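Accompanying notes for the structure given below.
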Amino acid sequence: MPDATEADGLTVGQVSARLGVTVRALHHWDEIGLARPSLRTAAGYRLYTAGDLERLHRIVVYREVGLGLDRIQTILDDSTADVPGALRAQRAQVAERIDRLQQLSAGLDRMIDAHERGLLLTVEQQAAIFGPQWNPDWPAQARQRYGDTTQWRQYAERSASRGPEEWQAVVDATADLDGALGDAMDAGVTPGSPEANQLVERHREVFASYFPLTRQMQVCLGRKFEADPGFAAYYDGIRAGLATWFRQIIDASARAHNIDPDTATWQ
């Protein structure tokens with residue numbers, strides 16, 4: 001490489017500023033033989049000629065459309081390289097990435113919406129799935145009351161991936177459980193029995209559609225089922241006394257797992 005003065009070309013710093021490429025990248029491209037400066041001063045400084053700068057411009061353009069350095073080098077140095085074909089292939093890959101990003105964006109929109117609204121169903125869909133007794137204001141009220149809890153976040157993340165069919169499946173599973181609870185009480189199933197404990201486990205599984213339910217949390221819900229007028233009316237509407245019986249089988253199951261129902265907390 002002949003010696004030159006700085007008047008014969010551009011320094012690495014000047015090329016970096018002109019092309020918006022880091023000095024480190026230019027040094028790397030030099031090391032791998034992708035873009036070597038044609039000149040060097042007596043002091044050893046790299047200098048890029050106009051021809052070098054043209055090659056660098058092409059590298060920057062190809063890199064910006066996503067081509068890898070190896071592919072770029074082939075395009076620049078192989079006279080038989082199919083440049084349009086390589087660019088078409090890259091365009092197809094970019095289109096696939098755009099589609100994935102659009103899907104990701106839509107998913108993020110749903111997740112944000114679910115965290116803020118709780119239920120991604122229209123009022124008409126809610127009425128059709130949950131029944132005429134459903135109040136479409138309930139999700140907003142729940143968000144206001146529980147929006148800063150871990151359980152609300154878990155519920156929202158599950159809700160974001162659910163459409164009407166998935167919610168209908170949740171409602172159907174809940175209705176089946178309610179019916180099984182009423183039938184079991186009618187049949188004289190006693191708290192602490194295998195049949196009762198199986199129903200308690202089934203309740204935890206069904207409730208996991210909303211968020212994971214620990215045994216201690218289930219005990220707290222059992223208290224609420226019996227003490228809260230709204231919940232008590234719901235369960236006693238299935239069978240008279242079901243709210244109290246349900247709380248009793250939950251408590252008995254908890255004791256079998258070394259949990260004192262009297263001291264259980266929401267954890």
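To be explicit about the labels: the chains of the structure tokens are called A, B, and onward in the order shown, and within each one the residues are counted from 1, while ligands get numbers from 1 in the order they are shown.
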Check range 27-152 of chain A with DSSP on the backbone and list each residue it calls strand (DSSP E or B), as a PyMOL selection string.
chain A and resi 39-41+46-48
Restricting the output to N, CA and C atoms, write the selected residues as an mmCIF file, in the first residue's frame.
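See part.cif below for the written result:
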data_model
loop_
_atom_site.group_PDB
_atom_site.id
_atom_site.type_symbol
_atom_site.label_atom_id
_atom_site.label_comp_id
_atom_site.auth_asym_id
_atom_site.auth_seq_id
_atom_site.Cartn_x
_atom_site.Cartn_y
_atom_site.Cartn_z
ATOM 1 N N LEU A 39 -5.510 3.473 0.885
ATOM 2 C CA LEU A 39 -4.304 4.225 1.177
ATOM 3 C C LEU A 39 -3.986 4.193 2.663
ATOM 4 N N ARG A 40 -2.738 4.421 2.966
ATOM 5 C CA ARG A 40 -2.306 4.548 4.348
ATOM 6 C C ARG A 40 -1.155 5.549 4.385
ATOM 7 N N THR A 41 -1.186 6.439 5.331
ATOM 8 C CA THR A 41 -0.125 7.443 5.445
ATOM 9 C C THR A 41 1.140 6.798 5.984
ATOM 10 N N ARG A 46 -5.198 5.012 8.233
ATOM 11 C CA ARG A 46 -5.980 4.550 7.088
ATOM 12 C C ARG A 46 -6.596 5.757 6.370
ATOM 13 N N LEU A 47 -6.622 5.671 5.053
ATOM 14 C CA LEU A 47 -7.275 6.697 4.248
ATOM 15 C C LEU A 47 -8.159 6.020 3.207
ATOM 16 N N TYR A 48 -9.366 6.539 3.084
ATOM 17 C CA TYR A 48 -10.326 5.972 2.143
ATOM 18 C C TYR A 48 -10.431 6.859 0.912
#
How many Å separate CA of Arg215 in chain A from CA of Ala252 in chain A?
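The value is 11.1 Å.
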Long-range neighbours of Ala142 in chain A as a ChimeraX atom specification, 12 Å cut-off, only C-alpha atoms, 3 positions minimum in chain:
/A:115-119,135-139,145-149,151-153,155-156
Give me every alpha helix (DSSP H) residue in range 140-193 of chain A, going by DSSP on the backbone, as a PyMOL selection string.
chain A and resi 140-146+150-160+164-186
For range 75-87 of chain A: contacts at 10 Å, only C-alpha atoms, fewer than 3 positions along chain excluded, given as a VMD selection string
chain A and resid 34 55 58 to 59 62 65 to 67 69 to 72 90 to 93
Mind checking which residues fall within 12 Å of range 180-195 of chain A, counting only C-alpha atoms, ignoring those fewer than 3 positions away in the same chain, and posting them as a PyMOL selection string?
chain A and resi 173-177+198-203+234-257
Write out as a list in words which residues come within 12 Å of Asp109 in chain A when counting only C-alpha atoms, dropping same-chain ones fewer than 5 positions away.
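The filter keeps Gln102, Gln103, Leu104, Ala114, His115, Glu116, Arg117, Leu120, Glu157, Ala160 and Ser161 of chain A.
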Could you write out that same residue set with all heavy atoms as a compact mmCIF listing (two decimals), in the first residue's frame?
# COMPACT_ATOMS: atom_id res chain seq x y z
N GLN A 102 -46.49 -7.04 13.18
CA GLN A 102 -47.88 -6.58 13.20
C GLN A 102 -48.72 -7.46 14.13
O GLN A 102 -49.57 -6.96 14.88
CB GLN A 102 -48.46 -6.59 11.79
CG GLN A 102 -47.92 -5.49 10.91
CD GLN A 102 -48.40 -5.59 9.47
OE1 GLN A 102 -48.77 -6.67 8.99
NE2 GLN A 102 -48.42 -4.46 8.77
N GLN A 103 -48.46 -8.77 14.11
CA GLN A 103 -49.16 -9.67 15.02
C GLN A 103 -48.78 -9.37 16.47
O GLN A 103 -49.64 -9.38 17.36
CB GLN A 103 -48.82 -11.12 14.69
CG GLN A 103 -49.36 -11.59 13.34
CD GLN A 103 -48.95 -13.02 13.04
OE1 GLN A 103 -48.70 -13.82 13.92
NE2 GLN A 103 -48.87 -13.34 11.75
N LEU A 104 -47.49 -9.10 16.69
CA LEU A 104 -47.04 -8.75 18.04
C LEU A 104 -47.69 -7.45 18.49
O LEU A 104 -48.13 -7.33 19.65
CB LEU A 104 -45.51 -8.60 18.05
CG LEU A 104 -44.88 -8.15 19.37
CD1 LEU A 104 -45.21 -9.14 20.49
CD2 LEU A 104 -43.38 -8.00 19.22
N ALA A 114 -56.76 -5.45 27.82
CA ALA A 114 -57.21 -6.38 28.86
C ALA A 114 -56.84 -5.87 30.25
O ALA A 114 -57.63 -5.98 31.19
CB ALA A 114 -56.61 -7.76 28.62
N HIS A 115 -55.65 -5.30 30.39
CA HIS A 115 -55.25 -4.75 31.68
C HIS A 115 -56.15 -3.57 32.08
O HIS A 115 -56.42 -3.37 33.26
CB HIS A 115 -53.78 -4.30 31.64
CG HIS A 115 -52.81 -5.40 31.94
ND1 HIS A 115 -52.46 -5.75 33.21
CD2 HIS A 115 -52.14 -6.25 31.12
CE1 HIS A 115 -51.60 -6.76 33.18
NE2 HIS A 115 -51.39 -7.08 31.92
N GLU A 116 -56.58 -2.82 31.09
CA GLU A 116 -57.38 -1.63 31.39
C GLU A 116 -58.87 -1.94 31.50
O GLU A 116 -59.58 -1.28 32.27
CB GLU A 116 -57.14 -0.57 30.32
CG GLU A 116 -55.72 -0.01 30.34
CD GLU A 116 -55.48 1.01 29.24
OE1 GLU A 116 -56.28 1.06 28.29
OE2 GLU A 116 -54.47 1.74 29.34
N ARG A 117 -59.36 -2.92 30.76
CA ARG A 117 -60.79 -3.21 30.74
C ARG A 117 -61.15 -4.52 31.43
O ARG A 117 -62.26 -4.68 31.94
CB ARG A 117 -61.29 -3.27 29.29
CG ARG A 117 -61.27 -1.93 28.56
CD ARG A 117 -61.58 -2.13 27.09
NE ARG A 117 -62.75 -2.98 26.88
CZ ARG A 117 -63.02 -3.60 25.73
NH1 ARG A 117 -62.19 -3.47 24.71
NH2 ARG A 117 -64.11 -4.33 25.60
N LEU A 120 -62.47 -8.42 27.16
CA LEU A 120 -62.45 -7.94 25.78
C LEU A 120 -63.64 -8.50 25.00
O LEU A 120 -63.50 -9.18 23.99
CB LEU A 120 -61.14 -8.32 25.11
CG LEU A 120 -59.87 -7.83 25.83
CD1 LEU A 120 -58.63 -8.15 25.01
CD2 LEU A 120 -59.95 -6.35 26.13
N GLU A 157 -53.97 -11.05 31.73
CA GLU A 157 -53.14 -11.76 30.76
C GLU A 157 -53.88 -12.98 30.19
O GLU A 157 -53.71 -13.32 29.01
CB GLU A 157 -51.82 -12.16 31.41
CG GLU A 157 -50.91 -10.95 31.61
CD GLU A 157 -49.83 -11.18 32.66
OE1 GLU A 157 -49.71 -12.32 33.16
OE2 GLU A 157 -49.12 -10.22 32.97
N ALA A 160 -56.67 -11.57 27.77
CA ALA A 160 -56.19 -11.02 26.50
C ALA A 160 -56.23 -12.04 25.38
O ALA A 160 -56.37 -11.68 24.21
CB ALA A 160 -54.78 -10.47 26.67
N SER A 161 -56.07 -13.32 25.71
CA SER A 161 -56.03 -14.36 24.68
C SER A 161 -57.37 -15.04 24.48
O SER A 161 -57.46 -16.02 23.73
CB SER A 161 -54.97 -15.41 25.05
OG SER A 161 -55.31 -16.05 26.27
Closest of A:Val206, A:Ile32, A:Arg97, A:Leu56 to Arg18 in chain A - atom-to-atom distances counting only C-alpha atoms:
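Going through A:Val206, A:Ile32, A:Arg97, A:Leu56 one by one, the smallest distance to Arg18 in chain A is for A:Leu56.
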